file start04.cif (mmCIF, C-alpha atoms)
data_structure
loop_
_atom_site.label_atom_id
_atom_site.label_comp_id
_atom_site.auth_asym_id
_atom_site.auth_seq_id
_atom_site.Cartn_x
_atom_site.Cartn_y
_atom_site.Cartn_z
CA MET Z 75 -2.04 26.73 79.09
CA THR Z 76 0.24 24.49 81.20
CA LYS Z 77 3.68 23.39 80.09
CA PHE Z 78 2.51 19.75 79.83
CA LYS Z 79 -0.49 20.65 77.65
CA SER Z 80 1.80 22.57 75.30
CA ILE Z 81 4.14 19.60 75.01
CA ASP Z 82 1.16 17.29 74.32
CA ILE Z 83 -0.11 19.53 71.49
CA MET Z 84 3.35 19.63 69.90
CA LYS Z 85 3.57 15.83 70.05
CA ARG Z 86 0.23 15.54 68.27
CA ILE Z 87 1.34 17.98 65.55
CA TRP Z 88 4.59 16.13 64.89
CA THR Z 89 2.79 12.78 64.90
CA THR Z 90 0.37 14.06 62.25
CA VAL Z 91 3.24 15.40 60.12
CA PHE Z 92 5.06 12.06 60.42
CA LEU Z 93 2.00 10.02 59.44
CA CYS Z 94 1.32 12.27 56.43
CA SER Z 95 4.93 11.82 55.33
CA VAL Z 96 4.66 8.05 55.61
CA ILE Z 97 1.42 8.04 53.57
CA TRP Z 98 3.00 10.25 50.87
CA ILE Z 99 6.10 8.04 50.67
CA GLY Z 100 3.90 4.95 50.45
CA GLN Z 101 1.96 6.42 47.51
CA ALA Z 102 5.01 7.68 45.58
CA GLN Z 103 5.86 5.80 42.37
CA VAL Z 104 8.87 5.68 40.10
CA THR Z 105 8.13 7.45 36.83
CA THR Z 106 10.32 6.78 33.79
CA PRO Z 107 9.75 7.24 30.03
CA LYS Z 108 8.34 4.32 28.08
CA ALA Z 109 10.60 2.61 25.53
CA SER Z 110 7.65 2.41 23.11
CA VAL Z 111 5.40 5.43 23.28
CA PRO Z 112 1.61 4.98 22.95
CA GLU Z 113 -0.15 6.60 20.02
CA VAL Z 114 -3.88 7.25 19.49
CA SER Z 115 -5.27 8.78 16.30
CA ARG Z 116 -8.69 9.36 14.80
CA THR Z 117 -9.20 10.12 11.13
CA THR Z 118 -12.30 10.74 9.04
CA VAL Z 119 -12.34 8.96 5.69
CA GLY Z 120 -15.34 10.17 3.73
CA LEU Z 121 -18.07 9.84 6.37
CA THR Z 122 -16.41 7.04 8.37
CA GLU Z 123 -14.39 7.55 11.55
CA VAL Z 124 -11.29 5.36 11.85
CA GLY Z 125 -9.40 5.09 15.15
CA ILE Z 126 -5.93 3.56 15.56
CA GLU Z 127 -4.22 2.73 18.88
CA TYR Z 128 -0.75 1.20 19.18
CA SER Z 129 2.67 1.54 20.80
CA ARG Z 130 5.64 2.78 18.80
CA PRO Z 131 9.01 1.03 19.20
CA SER Z 132 12.12 2.73 17.81
CA LYS Z 133 14.92 1.33 15.68
CA ARG Z 134 17.79 2.41 17.99
CA ASP Z 135 20.62 1.36 15.63
CA ARG Z 136 19.17 -2.14 15.23
CA THR Z 137 18.36 -4.09 12.08
CA VAL Z 138 14.59 -4.29 12.34
CA PHE Z 139 13.17 -6.65 9.74
CA GLY Z 140 14.80 -10.04 9.66
CA GLU Z 141 16.22 -9.60 13.18
CA VAL Z 142 14.16 -7.58 15.70
CA VAL Z 143 11.06 -8.59 13.71
CA PRO Z 144 11.79 -12.00 12.13
CA TYR Z 145 10.49 -12.71 8.65
CA GLY Z 146 7.67 -15.22 8.35
CA GLU Z 147 6.59 -15.01 12.00
CA LEU Z 148 3.49 -13.54 13.62
CA TRP Z 149 4.14 -10.02 14.91
CA ARG Z 150 2.06 -7.88 17.27
CA THR Z 151 2.58 -4.98 14.80
CA GLY Z 152 4.00 -2.58 17.31
CA ALA Z 153 4.81 -3.07 20.99
CA ASN Z 154 3.08 -3.91 24.28
CA ALA Z 155 -0.70 -4.43 24.05
CA ASN Z 156 -2.54 -5.19 20.82
CA SER Z 157 -2.38 -2.61 18.09
CA THR Z 158 -6.01 -1.92 17.21
CA ILE Z 159 -8.08 -0.29 14.50
CA GLU Z 160 -11.73 0.75 14.88
CA PHE Z 161 -14.35 1.65 12.25
CA THR Z 162 -17.71 3.36 12.74
CA ASP Z 163 -19.08 1.77 9.54
CA ASN Z 164 -18.68 -1.47 7.65
CA VAL Z 165 -15.61 -1.22 5.42
CA VAL Z 166 -14.12 -3.31 2.62
CA ILE Z 167 -10.56 -4.64 2.68
CA ASP Z 168 -9.34 -6.66 -0.29
CA GLY Z 169 -12.93 -7.51 -1.24
CA GLN Z 170 -13.85 -8.60 2.29
CA THR Z 171 -16.45 -6.75 4.33
CA LEU Z 172 -15.23 -5.87 7.80
CA LYS Z 173 -18.11 -4.92 10.09
CA ALA Z 174 -18.07 -1.75 12.15
CA GLY Z 175 -16.13 -2.39 15.35
CA LYS Z 176 -12.67 -2.66 16.88
CA TYR Z 177 -10.05 -5.20 15.81
CA ALA Z 178 -6.49 -6.16 16.70
CA ILE Z 179 -3.92 -5.95 13.91
CA PHE Z 180 -1.47 -8.82 13.56
CA THR Z 181 1.02 -9.15 10.72
CA VAL Z 182 3.50 -11.62 9.28
CA PRO Z 183 6.21 -9.50 7.64
CA ASN Z 184 8.04 -10.96 4.66
CA GLU Z 185 10.63 -9.37 2.40
CA GLU Z 186 8.24 -8.87 -0.54
CA ASN Z 187 4.94 -8.40 1.30
CA TRP Z 188 3.19 -8.53 4.66
CA GLU Z 189 0.24 -10.70 5.61
CA VAL Z 190 -2.18 -8.54 7.59
CA PHE Z 191 -4.78 -10.06 9.91
CA PHE Z 192 -7.74 -8.24 11.48
CA TYR Z 193 -8.46 -10.21 14.62
CA ASP Z 194 -11.73 -10.18 16.56
CA GLU Z 195 -10.12 -10.02 20.01
CA THR Z 196 -8.27 -6.95 21.27
CA SER Z 197 -7.32 -7.82 24.86
CA ASN Z 198 -4.10 -9.72 24.17
CA TRP Z 199 -0.64 -8.56 25.18
CA GLY Z 200 1.91 -8.78 22.39
CA ASN Z 201 2.21 -12.11 20.60
CA GLN Z 202 1.09 -14.09 23.62
CA VAL Z 203 -2.19 -15.04 22.03
CA LYS Z 204 -3.84 -18.43 21.68
CA TRP Z 205 -4.43 -18.07 17.96
CA ASP Z 206 -7.92 -18.89 16.73
CA ASP Z 207 -8.49 -18.81 12.97
CA THR Z 208 -12.22 -18.27 13.51
CA LYS Z 209 -11.40 -14.86 15.01
CA VAL Z 210 -9.68 -13.68 11.83
CA VAL Z 211 -12.41 -11.51 10.32
CA ALA Z 212 -10.34 -10.32 7.37
CA LYS Z 213 -6.93 -10.99 5.88
CA THR Z 214 -5.02 -9.14 3.20
CA VAL Z 215 -1.54 -8.91 1.72
CA ALA Z 216 0.17 -5.53 2.04
CA LYS Z 217 2.59 -4.39 -0.64
CA VAL Z 218 6.13 -3.67 0.55
CA ILE Z 219 8.15 -0.68 -0.62
CA LYS Z 220 11.82 -0.28 0.30
CA THR Z 221 12.78 3.35 0.87
CA ASN Z 222 16.02 5.33 0.82
CA HIS Z 223 15.29 6.97 4.15
CA THR Z 224 15.00 5.55 7.65
CA GLN Z 225 11.79 5.68 9.68
CA GLU Z 226 13.23 5.68 13.20
CA THR Z 227 9.97 5.08 15.10
CA PHE Z 228 7.35 2.59 13.97
CA SER Z 229 4.19 4.16 12.54
CA ILE Z 230 0.68 3.03 11.59
CA ALA Z 231 -1.26 5.67 9.67
CA LEU Z 232 -3.90 6.36 7.05
CA ASP Z 233 -2.55 7.97 3.87
CA HIS Z 234 -3.84 8.81 0.39
CA ILE Z 235 -7.24 9.65 1.85
CA THR Z 236 -10.07 10.21 -0.63
CA SER Z 237 -13.82 10.52 -0.15
CA ASP Z 238 -14.25 6.73 -0.33
CA SER Z 239 -10.91 5.10 0.57
CA ALA Z 240 -7.60 5.34 2.37
CA THR Z 241 -4.33 3.46 2.49
CA LEU Z 242 -3.42 1.75 5.74
CA THR Z 243 0.35 2.30 6.00
CA PHE Z 244 2.89 0.56 8.22
CA ALA Z 245 6.33 2.21 8.25
CA TRP Z 246 9.53 1.34 10.11
CA ASP Z 247 13.22 1.37 9.29
CA ASN Z 248 13.42 1.44 5.46
CA VAL Z 249 10.16 -0.45 4.86
CA ILE Z 250 6.65 0.74 4.06
CA ALA Z 251 3.79 -1.76 3.75
CA THR Z 252 0.41 -0.60 2.45
CA SER Z 253 -3.13 -1.93 2.09
CA LYS Z 254 -6.29 -0.20 0.80
CA ILE Z 255 -9.44 0.29 2.88
CA GLU Z 256 -12.73 1.28 1.21
CA VAL Z 257 -15.52 3.07 3.09
CA PRO Z 258 -19.27 3.37 2.25
CA THR Z 259 -19.30 7.13 1.63
CA ASP Z 260 -21.57 7.16 -1.40
CA LYS Z 261 -24.17 4.91 0.21
CA LYS Z 262 -24.30 7.09 3.34
CA ALA Z 263 -24.29 10.36 1.40
CA MET Z 264 -27.12 9.30 -0.92
CA ALA Z 265 -29.21 8.04 2.01
CA SER Z 266 -28.67 11.40 3.76
CA ILE Z 267 -29.66 13.36 0.64
CA LYS Z 268 -32.79 11.26 0.11
CA GLU Z 269 -33.91 11.65 3.71
CA THR Z 270 -33.19 15.40 3.88
CA MET Z 271 -34.80 16.26 0.57
CA ALA Z 272 -37.95 14.41 1.62
CA GLY Z 273 -38.32 16.90 4.47
CA THR Z 274 -37.61 20.62 4.58
CA PRO Z 275 -34.02 21.11 3.45
CA LYS Z 276 -32.08 24.23 4.45
CA ALA Z 277 -30.06 26.30 2.01
CA GLN Z 278 -26.81 24.55 2.89
CA ASP Z 279 -28.47 21.14 2.49
CA LEU Z 280 -29.49 22.07 -1.05
CA LEU Z 281 -26.00 23.35 -1.88
CA ASP Z 282 -24.32 20.27 -0.43
CA ALA Z 283 -26.62 17.90 -2.31
CA ALA Z 284 -26.10 19.81 -5.56
CA ASN Z 285 -22.33 19.79 -5.20
CA TYR Z 286 -22.33 16.07 -4.40
CA TYR Z 287 -24.34 15.33 -7.54
CA TYR Z 288 -21.95 17.52 -9.54
CA ASN Z 289 -18.82 15.86 -8.13
CA THR Z 290 -20.13 12.31 -8.59
CA ASP Z 291 -21.50 12.86 -12.12
CA ARG Z 292 -25.15 12.34 -11.22
CA ASP Z 293 -28.27 14.08 -12.59
CA ILE Z 294 -26.86 17.54 -13.36
CA ASN Z 295 -30.28 19.08 -13.95
CA GLN Z 296 -31.34 18.00 -10.46
CA ALA Z 297 -28.12 19.52 -9.13
CA LYS Z 298 -28.88 22.77 -10.97
CA ASN Z 299 -32.38 22.87 -9.54
CA TRP Z 300 -31.13 22.32 -5.98
CA ILE Z 301 -28.33 24.87 -6.09
CA ASP Z 302 -30.61 27.51 -7.60
CA GLN Z 303 -33.10 26.93 -4.77
CA GLY Z 304 -30.37 27.11 -2.18
CA ILE Z 305 -28.82 30.31 -3.55
CA LYS Z 306 -32.23 32.01 -3.57
CA MET Z 307 -32.57 31.26 0.15
CA ILE Z 308 -29.31 33.10 0.95
CA GLU Z 309 -29.50 36.89 1.30
CA LYS Z 310 -25.94 37.48 0.08
CA PRO Z 311 -24.35 34.36 -1.44
CA ALA Z 312 -20.60 34.00 -0.92
CA PHE Z 313 -18.18 34.02 -3.85
CA TYR Z 314 -17.43 30.30 -3.42
CA GLN Z 315 -21.16 29.44 -3.44
CA LEU Z 316 -21.63 31.41 -6.64
CA HIS Z 317 -18.62 29.70 -8.18
CA SER Z 318 -20.17 26.29 -7.49
CA GLN Z 319 -23.43 27.48 -9.03
CA ALA Z 320 -21.57 28.66 -12.15
CA LEU Z 321 -19.82 25.30 -12.52
CA ILE Z 322 -23.11 23.41 -12.24
CA HIS Z 323 -24.85 25.69 -14.75
CA ALA Z 324 -21.93 25.21 -17.16
CA LYS Z 325 -22.07 21.42 -16.80
CA ALA Z 326 -25.84 21.53 -17.36
CA GLY Z 327 -25.22 23.38 -20.66
CA ASP Z 328 -26.61 26.76 -19.57
CA ILE Z 329 -23.50 28.68 -20.68
CA LYS Z 330 -25.06 32.16 -20.73
CA SER Z 331 -26.22 31.80 -17.12
CA ALA Z 332 -22.90 30.26 -16.07
CA ILE Z 333 -20.98 33.26 -17.46
CA SER Z 334 -23.26 35.71 -15.65
CA ILE Z 335 -22.89 33.89 -12.32
CA ALA Z 336 -19.12 33.47 -12.74
CA LYS Z 337 -18.81 37.25 -13.21
CA GLN Z 338 -20.74 37.78 -9.97
CA SER Z 339 -18.45 35.31 -8.22
CA LEU Z 340 -15.38 37.06 -9.64
CA ASP Z 341 -16.54 40.45 -8.35
CA ALA Z 342 -17.31 38.96 -4.93
CA SER Z 343 -13.96 37.16 -4.74
CA LYS Z 344 -12.15 40.41 -5.61
CA ALA Z 345 -14.08 42.20 -2.86
CA ALA Z 346 -13.02 39.45 -0.45
CA ASN Z 347 -9.44 39.59 -1.75
CA ASP Z 348 -9.44 35.83 -2.31
CA ASN Z 349 -6.77 35.27 -4.95
CA ALA Z 350 -7.50 31.57 -5.38
CA TYR Z 351 -11.12 32.18 -6.36
CA ILE Z 352 -10.17 35.17 -8.49
CA ARG Z 353 -7.94 32.87 -10.55
CA MET Z 354 -10.55 30.08 -10.67
CA ASN Z 355 -13.30 32.43 -11.85
CA GLU Z 356 -11.06 34.03 -14.46
CA ALA Z 357 -10.11 30.57 -15.74
CA LEU Z 358 -13.78 29.52 -15.84
CA LEU Z 359 -14.81 32.65 -17.72
CA LYS Z 360 -11.99 32.19 -20.22
CA LYS Z 361 -13.11 28.62 -20.82
CA LEU Z 362 -16.79 29.55 -21.19
CA GLN Z 363 -16.27 32.60 -23.38
#
call {"tool": "encode", "arguments": {"input": "start04.cif", "output": "structure tokens"}}
result
Amino acid sequence: MTKFKSIDIMKRIWTTVFLCSVIWIGQAQVTTPKASVPEVSRTTVGLTEVGIEYSRPSKRDRTVFGEVVPYGELWRTGANANSTIEFTDNVVIDGQTLKAGKYAIFTVPNEENWEVFFYDETSNWGNQVKWDDTKVVAKTVAKVIKTNHTQETFSIALDHITSDSATLTFAWDNVIATSKIEVPTDKKAMASIKETMAGTPKAQDLLDAANYYYNTDRDINQAKNWIDQGIKMIEKPAFYQLHSQALIHAKAGDIKSAISIAKQSLDASKAANDNAYIRMNEALLKKLQ
């Protein structure tokens, strides 16, 4: 290799390195933490999935309500893009049916309560929205509670979750505002039971249907029939399955059978070293005997 060829190769190498450096510098971006962090949550209420997306501003030694968030004015309910809530089923809010879908949440905070709007457009940024009353699909008034502690970072969450409802909770500074959301759990559960029982239900299907009837005070004799069928299909029923069977037999008035099954459940729970079920079976036996 000649001296000139060697120099030419080195030039090409350094040119490539230089160009790569320029490309890397051109693609580099400044990365800093966001003042209001994004939050995404998904919660199951009964049989309904609820998703919430929003950005969380912090108090940072400021007076929030009445200053940062003025009373009586429309608020984005968070920071940055629309705060949104999404339901997989139709739900009921303050007597109004809100169809399955995704909605923006706007509020008007007041000292005694908050007006809460579920808005059928989710692509707005902050309060810069050309308000259209026809896009308000539901409106409710949230109760305000003043607390003795400070919530530093704004929060939207679902609390007090039951099988058929939850409380939508807004919390920031020393204020909590709440509104109830009802979900169609019973309707979905009963439709599922009807469809499954019309086919060839598995053991767990029978147990689940029986327990649902027991917990919702429906036909207890039907529940007894289902759980007995389901238990027979299981080679070695677990202590918690036997406990459910004993409870259903007791509610159906078959006390002798309930005592016998509760004793089996007690023995099985002792073998499994499950103290909670040991106590529950002992309490059930004491009540029945």
call {"tool": "closest_residue", "arguments": {"input": "start04.cif", "among": "Z:Gly152, Z:Pro311, Z:Gly140, Z:Gly146", "to": "Ile230 in chain Z", "atoms": "only C-alpha atoms"}}
result
Z:Gly152
call {"tool": "residues_around", "arguments": {"input": "start04.cif", "residues": "range 240-252 of chain Z", "least_positions_apart": "2", "cutoff": "10 Å", "atoms": "only C-alpha atoms", "output": "number ranges by chain"}}
result
Z: 118-120, 130-139, 151-152, 183, 185-190, 215-238, 254-257
call {"tool": "atom_distance", "arguments": {"input": "start04.cif", "atom1": "CA of Thr208 in chain Z", "atom2": "CA of Val165 in chain Z"}}
result
19.2 Å
call {"tool": "resolve_selection", "arguments": {"input": "start04.cif", "expression": "the PyMOL selection byres ((chain Z and resi 296) around 12)", "output": "list in words"}}
result
Met271, Leu280, Leu281, Ala283, Ala284, Asn285, Tyr286, Tyr287, Tyr288, Asp291, Arg292, Asp293, Ile294, Asn295, Ala297, Lys298, Asn299, Trp300, Ile301, Asp302, Gln303, Ile322, His323, Lys325 and Ala326 of chain Z
call {"tool": "atom_distance", "arguments": {"input": "start04.cif", "atom1": "CA of Gly273 in chain Z", "atom2": "CA of Glu309 in chain Z"}}
result
22.1 Å
call {"tool": "atom_distance", "arguments": {"input": "start04.cif", "atom1": "CA of Ala336 in chain Z", "atom2": "CA of Ala263 in chain Z"}}
result
27.6 Å
call {"tool": "resolve_selection", "arguments": {"input": "start04.cif", "expression": "the PyMOL selection byres ((chain Z and resi 313-315) around 9)", "output": "list of chain:residue names"}}
result
Z:Leu281, Z:Ile301, Z:Ile305, Z:Pro311, Z:Ala312, Z:Leu316, Z:His317, Z:Ser318, Z:Gln319, Z:Ala320, Z:Ala336, Z:Gln338, Z:Ser339, Z:Leu340, Z:Asp341, Z:Ala342, Z:Ser343, Z:Lys344, Z:Ala346, Z:Tyr351
call {"tool": "closest_residue", "arguments": {"input": "start04.cif", "among": "Z:Lys310, Z:Trp199, Z:Asp163, Z:Ala357", "to": "Lys262 in chain Z", "atoms": "only C-alpha atoms"}}
result
Z:Asp163
call {"tool": "closest_residue", "arguments": {"input": "start04.cif", "among": "Z:Leu148, Z:Ile352, Z:Ile167, Z:Ala155", "to": "Phe180 in chain Z", "atoms": "only C-alpha atoms"}}
result
Z:Leu148
call {"tool": "axis_aligned_box", "arguments": {"input": "start04.cif", "around": "range 239-242 of chain Z", "padding_each_side": "5 Å", "output": "JSON"}}
result
{"center_x": -7.2, "center_y": 3.5, "center_z": 3.2, "size_x": 17.5, "size_y": 13.6, "size_z": 15.2}
call {"tool": "resolve_selection", "arguments": {"input": "start04.cif", "expression": "the PyMOL selection byres ((chain Z and resi 207) around 12)", "output": "list in words"}}
result
Phe191, Phe192, Tyr193, Asp194, Glu195, Val203, Lys204, Trp205, Asp206, Thr208, Lys209, Val210, Val211, Ala212 and Lys213 of chain Z
call {"tool": "closest_residue", "arguments": {"input": "start04.cif", "among": "Z:Leu121, Z:Met307, Z:Ser110, Z:Ile126", "to": "Met264 in chain Z", "atoms": "all atoms listed in the file"}}
result
Z:Leu121
call {"tool": "closest_residue", "arguments": {"input": "start04.cif", "among": "Z:Glu160, Z:Glu123, Z:Glu269, Z:Asp279", "to": "Ile179 in chain Z", "atoms": "all atoms listed in the file"}}
result
Z:Glu160
call {"tool": "build_atoms", "arguments": {"input": "start04.cif", "residues": "range 264-279 of chain Z", "atoms": "N, CA and C atoms", "output": "PDB file, keeping the file's coordinate frame"}}
result
ATOM      1  N   MET Z 264     -25.875   9.360  -0.161  1.00  0.00           N
ATOM      2  CA  MET Z 264     -27.120   9.300  -0.920  1.00  0.00           C
ATOM      3  C   MET Z 264     -28.318   9.074   0.008  1.00  0.00           C
ATOM      4  N   ALA Z 265     -28.131   8.258   1.038  1.00  0.00           N
ATOM      5  CA  ALA Z 265     -29.210   8.040   2.010  1.00  0.00           C
ATOM      6  C   ALA Z 265     -29.525   9.344   2.740  1.00  0.00           C
ATOM      7  N   SER Z 266     -28.489  10.114   3.069  1.00  0.00           N
ATOM      8  CA  SER Z 266     -28.670  11.400   3.760  1.00  0.00           C
ATOM      9  C   SER Z 266     -29.399  12.397   2.864  1.00  0.00           C
ATOM     10  N   ILE Z 267     -29.020  12.437   1.590  1.00  0.00           N
ATOM     11  CA  ILE Z 267     -29.660  13.360   0.640  1.00  0.00           C
ATOM     12  C   ILE Z 267     -31.135  12.997   0.469  1.00  0.00           C
ATOM     13  N   LYS Z 268     -31.406  11.712   0.306  1.00  0.00           N
ATOM     14  CA  LYS Z 268     -32.790  11.260   0.110  1.00  0.00           C
ATOM     15  C   LYS Z 268     -33.664  11.624   1.305  1.00  0.00           C
ATOM     16  N   GLU Z 269     -33.148  11.374   2.493  1.00  0.00           N
ATOM     17  CA  GLU Z 269     -33.910  11.650   3.710  1.00  0.00           C
ATOM     18  C   GLU Z 269     -34.139  13.150   3.895  1.00  0.00           C
ATOM     19  N   THR Z 270     -33.097  13.948   3.666  1.00  0.00           N
ATOM     20  CA  THR Z 270     -33.190  15.400   3.880  1.00  0.00           C
ATOM     21  C   THR Z 270     -34.106  16.057   2.857  1.00  0.00           C
ATOM     22  N   MET Z 271     -33.978  15.653   1.629  1.00  0.00           N
ATOM     23  CA  MET Z 271     -34.800  16.260   0.570  1.00  0.00           C
ATOM     24  C   MET Z 271     -36.272  15.896   0.705  1.00  0.00           C
ATOM     25  N   ALA Z 272     -36.558  14.802   1.396  1.00  0.00           N
ATOM     26  CA  ALA Z 272     -37.950  14.410   1.620  1.00  0.00           C
ATOM     27  C   ALA Z 272     -38.610  15.281   2.683  1.00  0.00           C
ATOM     28  N   GLY Z 273     -37.784  16.017   3.434  1.00  0.00           N
ATOM     29  CA  GLY Z 273     -38.320  16.900   4.470  1.00  0.00           C
ATOM     30  C   GLY Z 273     -38.285  18.346   4.041  1.00  0.00           C
ATOM     31  N   THR Z 274     -37.717  19.192   4.890  1.00  0.00           N
ATOM     32  CA  THR Z 274     -37.610  20.620   4.580  1.00  0.00           C
ATOM     33  C   THR Z 274     -36.132  21.001   4.596  1.00  0.00           C
ATOM     34  N   PRO Z 275     -35.455  20.839   3.471  1.00  0.00           N
ATOM     35  CA  PRO Z 275     -34.020  21.110   3.450  1.00  0.00           C
ATOM     36  C   PRO Z 275     -33.696  22.587   3.630  1.00  0.00           C
ATOM     37  N   LYS Z 276     -32.581  22.871   4.305  1.00  0.00           N
ATOM     38  CA  LYS Z 276     -32.080  24.230   4.450  1.00  0.00           C
ATOM     39  C   LYS Z 276     -31.229  24.584   3.236  1.00  0.00           C
ATOM     40  N   ALA Z 277     -30.852  25.844   3.155  1.00  0.00           N
ATOM     41  CA  ALA Z 277     -30.060  26.300   2.010  1.00  0.00           C
ATOM     42  C   ALA Z 277     -28.778  25.491   1.863  1.00  0.00           C
ATOM     43  N   GLN Z 278     -28.073  25.273   2.973  1.00  0.00           N
ATOM     44  CA  GLN Z 278     -26.810  24.550   2.890  1.00  0.00           C
ATOM     45  C   GLN Z 278     -27.027  23.094   2.496  1.00  0.00           C
ATOM     46  N   ASP Z 279     -28.159  22.502   2.906  1.00  0.00           N
ATOM     47  CA  ASP Z 279     -28.470  21.140   2.490  1.00  0.00           C
ATOM     48  C   ASP Z 279     -28.601  21.068   0.974  1.00  0.00           C
TER      49      ASP Z 279
END
